[in-house]
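So this one's entry_29.txt, compact mmCIF, C-alpha atoms:
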```
# COMPACT_ATOMS: atom_id res chain seq x y z
CA MET N 1 -200.48 -22.93 11.05
CA SER N 2 -197.90 -24.97 9.16
CA ILE N 3 -195.49 -23.09 6.89
CA PRO N 4 -192.85 -24.93 4.80
CA LEU N 5 -189.39 -23.54 4.13
CA VAL N 6 -190.08 -23.88 0.39
CA ASP N 7 -193.45 -24.61 -1.25
CA LEU N 8 -192.96 -26.05 -4.73
CA LYS N 9 -196.56 -27.28 -4.86
CA ALA N 10 -197.85 -23.71 -4.61
CA GLN N 11 -195.57 -22.64 -7.46
CA TYR N 12 -196.61 -25.60 -9.63
CA GLN N 13 -200.28 -24.72 -9.34
CA THR N 14 -199.62 -21.26 -10.82
CA ILE N 15 -197.99 -22.66 -14.00
CA ARG N 16 -199.48 -26.14 -14.26
CA PRO N 17 -201.09 -25.88 -17.74
CA GLU N 18 -197.93 -24.44 -19.34
CA ILE N 19 -195.69 -27.04 -17.66
CA GLU N 20 -197.87 -29.95 -18.67
CA ALA N 21 -198.07 -28.72 -22.27
CA ALA N 22 -194.28 -28.28 -22.47
CA ILE N 23 -193.64 -31.77 -21.11
CA GLN N 24 -196.24 -33.27 -23.43
CA ARG N 25 -194.51 -31.74 -26.45
CA VAL N 26 -191.24 -33.42 -25.49
CA LEU N 27 -192.98 -36.75 -24.92
CA GLU N 28 -194.59 -36.54 -28.34
CA ASN N 29 -191.37 -35.54 -30.10
CA THR N 30 -189.38 -38.22 -28.18
CA ASN N 31 -186.20 -36.17 -28.57
CA PHE N 32 -185.14 -36.65 -24.97
CA ILE N 33 -181.40 -35.93 -25.34
CA MET N 34 -180.22 -32.58 -26.74
CA GLY N 35 -183.66 -31.75 -28.14
CA GLY N 36 -184.63 -28.34 -29.48
CA GLU N 37 -185.83 -27.18 -26.04
CA VAL N 38 -182.21 -27.30 -24.81
CA THR N 39 -181.01 -24.87 -27.49
CA GLN N 40 -184.07 -22.69 -26.90
CA PHE N 41 -183.31 -22.46 -23.20
CA GLU N 42 -179.60 -21.83 -23.72
CA GLN N 43 -180.35 -18.90 -25.99
CA ALA N 44 -183.08 -17.44 -23.78
CA PHE N 45 -181.01 -17.73 -20.62
CA ALA N 46 -177.95 -16.21 -22.33
CA HIS N 47 -180.11 -13.21 -23.24
CA TYR N 48 -181.42 -13.00 -19.66
CA VAL N 49 -177.94 -13.14 -18.10
CA GLY N 50 -176.43 -10.84 -20.72
CA VAL N 51 -173.74 -13.15 -22.06
CA LYS N 52 -172.82 -14.44 -25.49
CA GLU N 53 -173.37 -18.08 -24.67
CA VAL N 54 -174.89 -20.53 -22.21
CA VAL N 55 -174.29 -24.28 -22.16
CA GLY N 56 -176.95 -26.37 -20.44
CA VAL N 57 -175.57 -29.18 -18.28
CA ALA N 58 -176.81 -31.90 -15.93
CA SER N 59 -176.46 -30.05 -12.60
CA GLY N 60 -174.87 -27.11 -10.84
CA THR N 61 -172.09 -29.41 -9.64
CA ALA N 62 -171.45 -30.52 -13.20
CA ALA N 63 -171.35 -26.86 -14.26
CA LEU N 64 -168.55 -26.16 -11.78
CA GLN N 65 -166.58 -29.24 -12.75
CA LEU N 66 -166.86 -28.46 -16.46
CA ALA N 67 -165.90 -24.82 -15.89
CA LEU N 68 -162.82 -25.80 -13.90
CA ALA N 69 -161.87 -28.43 -16.46
CA ALA N 70 -162.28 -25.89 -19.27
CA CYS N 71 -159.88 -23.62 -17.36
CA GLN N 72 -157.47 -26.57 -17.25
CA VAL N 73 -157.41 -26.90 -13.48
CA LYS N 74 -155.29 -29.97 -12.80
CA PRO N 75 -153.75 -31.97 -9.96
CA GLY N 76 -151.50 -29.79 -7.82
CA ASP N 77 -153.35 -26.56 -8.63
CA GLU N 78 -155.11 -24.49 -5.97
CA VAL N 79 -158.51 -22.81 -6.21
CA ILE N 80 -159.49 -20.13 -3.69
CA THR N 81 -163.08 -20.13 -2.49
CA THR N 82 -165.33 -19.88 0.56
CA ALA N 83 -166.06 -22.52 3.20
CA HIS N 84 -169.50 -21.01 3.89
CA THR N 85 -171.38 -22.69 1.06
CA PHE N 86 -172.76 -26.05 -0.01
CA ILE N 87 -170.07 -28.68 -0.52
CA ALA N 88 -170.74 -28.76 -4.28
CA THR N 89 -168.68 -25.56 -4.59
CA ALA N 90 -165.54 -27.38 -3.48
CA GLU N 91 -166.16 -30.96 -4.63
CA PRO N 92 -165.34 -30.33 -8.31
CA ILE N 93 -161.99 -28.81 -7.30
CA SER N 94 -161.20 -32.01 -5.45
CA TYR N 95 -162.53 -34.21 -8.29
CA LEU N 96 -159.88 -32.70 -10.56
CA GLY N 97 -157.09 -33.37 -8.07
CA ALA N 98 -156.70 -29.70 -7.16
CA LYS N 99 -156.82 -28.22 -3.66
CA PRO N 100 -159.61 -25.95 -2.38
CA VAL N 101 -158.11 -23.04 -0.43
CA PHE N 102 -160.73 -21.65 1.93
CA VAL N 103 -160.68 -18.00 3.01
CA ASP N 104 -162.94 -16.09 5.37
CA ILE N 105 -166.12 -14.20 4.53
CA ASP N 106 -167.50 -10.69 4.83
CA PRO N 107 -169.99 -11.20 7.69
CA ARG N 108 -172.45 -8.73 6.16
CA THR N 109 -172.84 -10.53 2.82
CA TYR N 110 -171.60 -14.04 3.79
CA ASN N 111 -169.50 -13.95 0.61
CA LEU N 112 -165.76 -14.06 -0.03
CA ASP N 113 -163.88 -11.20 1.61
CA ALA N 114 -161.47 -9.85 -1.01
CA ASN N 115 -159.18 -8.64 1.78
CA HIS N 116 -158.34 -12.26 2.57
CA VAL N 117 -158.09 -13.56 -0.98
CA GLU N 118 -154.84 -11.94 -2.10
CA ALA N 119 -152.92 -13.26 0.91
CA ALA N 120 -153.99 -16.81 0.01
CA ILE N 121 -152.52 -16.69 -3.51
CA THR N 122 -149.50 -18.93 -4.17
CA PRO N 123 -147.65 -19.97 -7.35
CA GLN N 124 -150.04 -22.95 -7.49
CA THR N 125 -153.21 -20.81 -7.53
CA ARG N 126 -155.14 -21.27 -10.75
CA ALA N 127 -158.58 -19.81 -10.11
CA ILE N 128 -160.97 -18.11 -7.69
CA ILE N 129 -164.56 -19.25 -7.24
CA ALA N 130 -166.76 -16.45 -5.90
CA VAL N 131 -170.11 -17.67 -4.56
CA HIS N 132 -173.10 -15.30 -4.69
CA LEU N 133 -174.54 -16.83 -1.55
CA TYR N 134 -178.23 -16.66 -0.62
CA GLY N 135 -178.84 -14.45 -3.69
CA GLN N 136 -176.50 -11.62 -2.61
CA PRO N 137 -173.79 -10.82 -5.18
CA ALA N 138 -170.20 -11.17 -4.03
CA ASP N 139 -168.17 -7.94 -4.12
CA MET N 140 -166.83 -8.64 -7.60
CA GLU N 141 -164.89 -5.46 -8.39
CA PRO N 142 -161.95 -6.12 -6.03
CA LEU N 143 -162.07 -9.86 -6.73
CA LEU N 144 -161.88 -9.30 -10.49
CA ASP N 145 -159.00 -6.88 -9.96
CA ILE N 146 -157.10 -9.50 -7.94
CA ALA N 147 -157.76 -12.16 -10.57
CA LYS N 148 -156.57 -9.90 -13.37
CA ARG N 149 -153.38 -8.82 -11.60
CA HIS N 150 -152.44 -12.40 -10.75
CA GLN N 151 -153.63 -13.87 -14.08
CA LEU N 152 -156.17 -16.16 -12.44
CA TYR N 153 -159.46 -17.47 -13.75
CA MET N 154 -162.53 -16.01 -12.06
CA ILE N 155 -165.47 -18.40 -11.85
CA GLU N 156 -168.81 -17.28 -10.46
CA ASP N 157 -170.87 -19.79 -8.51
CA ALA N 158 -174.27 -18.26 -9.22
CA ALA N 159 -176.27 -21.31 -8.11
CA GLN N 160 -178.36 -19.13 -5.76
CA ALA N 161 -178.26 -15.88 -7.71
CA HIS N 162 -180.48 -16.12 -10.81
CA GLY N 163 -181.22 -12.51 -11.75
CA ALA N 164 -179.05 -10.92 -9.06
CA ARG N 165 -177.16 -7.83 -10.17
CA TYR N 166 -173.94 -6.14 -9.12
CA HIS N 167 -173.32 -2.52 -10.16
CA GLY N 168 -175.62 -2.98 -13.14
CA GLN N 169 -174.18 -6.33 -14.25
CA THR N 170 -176.10 -9.56 -13.94
CA CYS N 171 -174.50 -12.27 -11.85
CA GLY N 172 -173.17 -14.84 -14.26
CA SER N 173 -171.78 -12.26 -16.69
CA MET N 174 -168.69 -10.97 -14.88
CA GLY N 175 -166.22 -13.84 -14.54
CA HIS N 176 -164.42 -15.88 -17.17
CA LEU N 177 -167.16 -18.46 -16.62
CA ALA N 178 -170.18 -18.72 -14.34
CA CYS N 179 -172.11 -21.69 -13.05
CA PHE N 180 -175.83 -22.01 -12.32
CA SER N 181 -177.84 -24.70 -10.60
CA PHE N 182 -181.48 -25.33 -11.43
CA PHE N 183 -182.09 -27.69 -8.52
CA PRO N 184 -185.87 -27.68 -7.91
CA GLY N 185 -185.75 -25.37 -4.89
CA LYS N 186 -183.71 -22.66 -6.64
CA ASN N 187 -185.24 -19.34 -7.77
CA LEU N 188 -185.23 -20.86 -11.26
CA GLY N 189 -185.65 -24.57 -10.65
CA ALA N 190 -186.14 -27.60 -12.87
CA TYR N 191 -188.07 -30.73 -11.92
CA GLY N 192 -184.88 -32.65 -11.24
CA ASP N 193 -181.17 -31.89 -11.50
CA ALA N 194 -180.08 -29.33 -14.10
CA GLY N 195 -177.48 -26.61 -14.48
CA ALA N 196 -175.70 -24.27 -16.89
CA VAL N 197 -172.39 -22.58 -17.61
CA SER N 198 -172.43 -19.01 -18.94
CA GLY N 199 -169.66 -16.91 -20.42
CA ASN N 200 -168.35 -14.64 -23.15
CA ASP N 201 -165.04 -16.33 -24.07
CA PRO N 202 -165.74 -18.43 -27.19
CA GLU N 203 -162.78 -20.76 -26.63
CA LEU N 204 -163.72 -21.55 -23.03
CA MET N 205 -167.39 -21.97 -23.87
CA SER N 206 -166.58 -24.22 -26.82
CA ARG N 207 -164.55 -26.44 -24.50
CA VAL N 208 -167.38 -26.56 -21.93
CA ARG N 209 -169.82 -27.53 -24.68
CA ARG N 210 -167.49 -30.26 -25.90
CA LEU N 211 -166.63 -31.60 -22.45
CA ARG N 212 -170.30 -31.91 -21.37
CA ASN N 213 -170.87 -34.33 -24.25
CA HIS N 214 -167.99 -36.80 -23.98
CA GLY N 215 -165.45 -34.53 -25.67
CA ARG N 216 -167.41 -35.05 -28.89
CA ILE N 217 -166.86 -33.04 -32.06
CA SER N 218 -168.97 -35.36 -34.23
CA LYS N 219 -171.11 -38.41 -33.48
CA TYR N 220 -168.19 -40.84 -33.21
CA GLU N 221 -165.22 -38.48 -33.00
CA HIS N 222 -164.00 -37.37 -29.57
CA GLU N 223 -161.28 -34.76 -29.35
CA GLU N 224 -160.66 -35.33 -25.64
CA VAL N 225 -161.92 -37.37 -22.72
CA GLY N 226 -165.05 -35.62 -21.53
CA TYR N 227 -168.10 -36.21 -19.37
CA GLY N 228 -171.73 -37.26 -19.76
CA GLU N 229 -173.22 -34.08 -18.28
CA ARG N 230 -175.87 -32.97 -20.78
CA LEU N 231 -179.04 -31.08 -19.86
CA ASP N 232 -182.11 -33.27 -20.35
CA THR N 233 -184.66 -32.01 -22.87
CA LEU N 234 -187.50 -32.46 -20.36
CA GLN N 235 -185.73 -30.25 -17.83
CA ALA N 236 -185.04 -27.62 -20.50
CA ALA N 237 -188.74 -27.62 -21.39
CA VAL N 238 -189.64 -26.94 -17.75
CA LEU N 239 -187.02 -24.19 -17.51
CA ASN N 240 -188.31 -22.49 -20.66
CA VAL N 241 -191.70 -22.09 -18.98
CA LYS N 242 -190.28 -20.96 -15.66
CA LEU N 243 -187.77 -18.47 -17.09
CA LYS N 244 -190.66 -16.31 -18.29
CA CYS N 245 -191.85 -16.04 -14.68
CA LEU N 246 -188.47 -15.41 -13.06
CA GLU N 247 -188.58 -11.61 -12.94
CA ALA N 248 -192.04 -11.55 -11.35
CA TRP N 249 -191.00 -14.21 -8.86
CA THR N 250 -187.84 -12.26 -8.01
CA GLU N 251 -189.75 -9.08 -7.27
CA ALA N 252 -192.16 -11.11 -5.13
CA ARG N 253 -189.21 -12.45 -3.13
CA ARG N 254 -187.81 -8.96 -2.70
CA SER N 255 -191.15 -7.60 -1.48
CA ARG N 256 -191.42 -10.40 1.06
CA ALA N 257 -187.89 -9.70 2.26
CA ARG N 258 -188.84 -6.04 2.76
CA LEU N 259 -191.86 -7.09 4.83
CA TYR N 260 -189.72 -9.38 6.96
CA ASN N 261 -187.20 -6.56 7.51
CA GLU N 262 -189.93 -4.12 8.49
CA LEU N 263 -191.63 -6.49 10.93
CA LEU N 264 -188.39 -7.76 12.50
CA ALA N 265 -186.92 -4.30 13.10
CA GLY N 266 -185.92 -3.67 16.70
CA LEU N 267 -185.54 -7.32 17.69
CA ASP N 268 -182.30 -8.87 18.90
CA LEU N 269 -181.53 -10.23 15.43
CA VAL N 270 -179.42 -9.35 12.41
CA THR N 271 -181.57 -9.20 9.29
CA PRO N 272 -180.10 -9.50 5.76
CA TRP N 273 -177.94 -6.62 4.56
CA GLU N 274 -178.22 -5.61 0.92
CA ALA N 275 -175.02 -4.05 -0.34
CA PRO N 276 -175.20 -0.72 -2.21
CA ASP N 277 -175.93 -0.86 -5.94
CA VAL N 278 -176.81 -4.55 -5.96
CA ARG N 279 -179.98 -6.53 -6.48
CA HIS N 280 -180.30 -9.27 -3.85
CA VAL N 281 -182.69 -11.96 -5.12
CA TYR N 282 -183.30 -13.65 -1.75
CA HIS N 283 -182.95 -17.27 -2.71
CA LEU N 284 -182.85 -17.53 1.06
CA TYR N 285 -183.90 -15.04 3.72
CA VAL N 286 -181.19 -15.52 6.33
CA LEU N 287 -181.04 -13.77 9.69
CA ARG N 288 -178.60 -14.19 12.56
CA SER N 289 -179.28 -14.89 16.22
CA SER N 290 -176.96 -15.70 19.11
CA GLN N 291 -179.81 -17.98 20.27
CA ARG N 292 -180.20 -19.63 16.86
CA ASP N 293 -180.71 -23.24 17.94
CA ALA N 294 -183.29 -22.36 20.59
CA LEU N 295 -185.13 -20.07 18.14
CA LEU N 296 -185.16 -22.83 15.52
CA THR N 297 -186.64 -25.29 18.02
CA HIS N 298 -189.29 -22.73 18.99
CA LEU N 299 -190.27 -22.03 15.38
CA LYS N 300 -190.55 -25.70 14.48
CA ALA N 301 -192.76 -26.26 17.52
CA LYS N 302 -195.04 -23.54 16.12
CA GLY N 303 -195.24 -25.12 12.67
CA VAL N 304 -192.63 -22.94 10.96
CA GLU N 305 -190.13 -24.98 8.95
CA ALA N 306 -187.07 -22.77 9.28
CA GLY N 307 -183.66 -24.19 8.34
CA ILE N 308 -179.91 -23.63 8.58
CA HIS N 309 -177.68 -22.85 5.57
CA TYR N 310 -174.97 -23.91 6.46
CA PRO N 311 -174.31 -25.33 9.94
CA VAL N 312 -170.93 -26.97 9.20
CA PRO N 313 -168.35 -24.99 7.18
CA LEU N 314 -166.50 -26.97 4.54
CA HIS N 315 -163.18 -26.91 6.40
CA ARG N 316 -164.99 -28.60 9.32
CA GLN N 317 -166.70 -31.25 7.20
CA PRO N 318 -165.47 -34.82 7.79
CA ALA N 319 -164.62 -35.14 4.09
CA TYR N 320 -162.17 -32.23 4.29
CA LEU N 321 -160.90 -32.93 7.79
CA LYS N 322 -159.63 -36.21 6.31
CA LEU N 323 -157.77 -34.19 3.69
CA GLY N 324 -155.82 -32.17 6.25
CA TYR N 325 -157.92 -29.06 6.89
CA SER N 326 -158.14 -29.44 10.68
CA ASP N 327 -155.63 -26.66 11.38
CA ILE N 328 -157.58 -23.98 9.46
CA THR N 329 -159.47 -21.34 11.42
CA LEU N 330 -161.96 -18.99 9.75
CA PRO N 331 -163.51 -16.97 12.60
CA LYS N 332 -166.21 -15.11 10.67
CA THR N 333 -167.25 -18.20 8.77
CA GLU N 334 -167.45 -20.25 11.95
CA GLN N 335 -169.47 -17.60 13.78
CA ALA N 336 -171.92 -17.35 10.88
CA ALA N 337 -172.34 -21.13 10.89
CA ARG N 338 -173.34 -20.95 14.57
CA GLU N 339 -175.83 -18.10 14.11
CA VAL N 340 -177.51 -18.17 10.67
CA LEU N 341 -181.16 -19.16 10.35
CA SER N 342 -183.18 -19.32 7.13
CA LEU N 343 -186.86 -18.34 7.32
CA PRO N 344 -189.45 -19.52 4.78
CA MET N 345 -188.99 -17.64 1.50
CA TYR N 346 -190.78 -18.18 -1.81
CA PRO N 347 -192.88 -15.99 -4.14
CA GLU N 348 -196.17 -17.49 -3.00
CA LEU N 349 -195.50 -16.79 0.71
CA THR N 350 -198.38 -14.64 1.97
CA ALA N 351 -198.34 -11.58 4.23
CA GLU N 352 -200.46 -13.58 6.68
CA GLN N 353 -197.81 -16.29 6.83
CA ILE N 354 -195.00 -13.78 7.29
CA ASN N 355 -196.90 -12.04 10.08
CA TYR N 356 -197.41 -15.39 11.81
CA ILE N 357 -193.68 -16.26 11.52
CA VAL N 358 -192.68 -12.88 12.95
CA GLU N 359 -195.20 -13.23 15.79
CA GLN N 360 -193.52 -16.49 16.80
CA ILE N 361 -190.08 -14.86 16.66
CA LYS N 362 -191.33 -11.99 18.83
CA GLU N 363 -192.84 -14.47 21.28
CA PHE N 364 -189.42 -16.14 21.55
CA ASP N 365 -187.62 -12.81 21.86
CA HIS N 366 -189.91 -11.52 24.60
CA GLY N 367 -189.83 -14.83 26.49
CA ARG N 368 -186.07 -14.81 27.02
```
Could you show the structure in this file as structure tokens?
Amino acid sequence: MSIPLVDLKAQYQTIRPEIEAAIQRVLENTNFIMGGEVTQFEQAFAHYVGVKEVVGVASGTAALQLALAACQVKPGDEVITTAHTFIATAEPISYLGAKPVFVDIDPRTYNLDANHVEAAITPQTRAIIAVHLYGQPADMEPLLDIAKRHQLYMIEDAAQAHGARYHGQTCGSMGHLACFSFFPGKNLGAYGDAGAVSGNDPELMSRVRRLRNHGRISKYEHEEVGYGERLDTLQAAVLNVKLKCLEAWTEARRSRARLYNELLAGLDLVTPWEAPDVRHVYHLYVLRSSQRDALLTHLKAKGVEAGIHYPVPLHRQPAYLKLGYSDITLPKTEQAAREVLSLPMYPELTAEQINYIVEQIKEFDHGR
């Protein structure tokens, strides 16, 4: 049996007629930039997240850069975030000439540990970026308290957390601004790069909207130097179709996570922990094993395309070692990077496939 880590072909087959019709409408209208589908998606996604406004942009990375720029992050500023994430969380900080300040994680959630954040604050700190990694919400209550007391901007990186909830609030609705990615493999994915910024502050959102479109306030009038980071109409059309399916897909992911947990119980592994009063949306199903690399090799030999998110923390990446991060030690982050393993996870994953994956893990566990 061969089981991919993500199966976008299986998802496409379930929505093919609607997708093709939506794309055809855009092709016939030929309004490829800032067409009506963009506004339609922005409004629908704002309603879904529970915010006043959403601005569609070209990618999740663009969303973070525009959010930071809207918060006037500038050279010499510092932004506190996690090193256990994709590099796109930190890159926009560096683009703007600011310094990413990496702090350690809570090993249960893999998200920022608020206990380490306050100690990292300096007079140069401008913002905190909390990543809702793997679909598990960060512990926002203490983080928001820290941000408020120190007058810092709180930005949510919700690239992996579409529909996740924390104490009744949807991820993407709690910070000053929040950033989403619609990379094809995400829980809500486009058919190319796409992203969005969400928020409730009209001034910040107005600046994001202006900055994404060259600082434009009319066709040939530009209030400030901006960016070309608009959401394509074709991608918005795809997202409009997929958004209607997101809740069903999320519950399918959660049911598959429960089956994994049930079948893996009792093995020498750490399965995902779901914090109290949250809704984990399992963008990734990530377990931990002290024998991670050997287990990964075993699974691949059996046709299971498991993966690692993320094997090299950002403070150990060559790009950041060159910028002077070699003396930083983050023990919990570094241990997680050595042990985490992502199993196949998508709504179309069958019970038969999950049983096969678990059988191979048990075979490895019993053979040691």
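Proximity of N:Gly76, N:Gly189, N:Gly172, N:Gly226 to Arg207 in chain N, computed with all atoms listed in the file, is greatest for N:Gly226.
In terms of minimum interatomic distance to Thr14 in chain N, N:Cys245 ranks closest within N:Ala88, N:Cys245, N:Ala196, N:Ile217, counting only C-alpha atoms.
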Task: Near-range 157-162 of chain N list (6 Å; only C-alpha atoms; drop same-chain fewer than 4 positions) as number ranges by chain - done: N: 130-132, 134-135, 178-181, 283
Open item on the list: Between CA of Tyr325 in chain N and CA of Leu68 in chain N, what is the distance in Å, rounded to a tenth?
Closed with: 21.6 Å
- [ ] Just the residues within 8 Å of Gln65 in chain N, please, counting all atoms listed in the file, with nothing from its chain fewer than 4 positions along; format it as number ranges by chain.
- [x] N: 61, 69, 92-93, 95-96
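Pairwise distance (CA of Lys99 in chain N, CA of Pro202 in chain N) equals 27.0 Å.
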- [ ] Fewer than 6 positions away in the same chain doesn't count, so skip those; otherwise give me all residues within 8 Å of range 249-265 of chain N, counting only C-alpha atoms, as a PyMOL selection string.
- [x] chain N and resi 163+187+271-272+280-283+285+345-349+351+354-355+358
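The closest residue to Ala138 in chain N, picked from N:Val103, N:Ala275, N:Val208, N:Ala67 and counting all atoms listed in the file, is N:Ala275.
Counting all atoms listed in the file, the residue from N:Gln13, N:Gln353, N:Thr170, N:Thr333 that sits nearest to Asp113 in chain N is N:Thr333.
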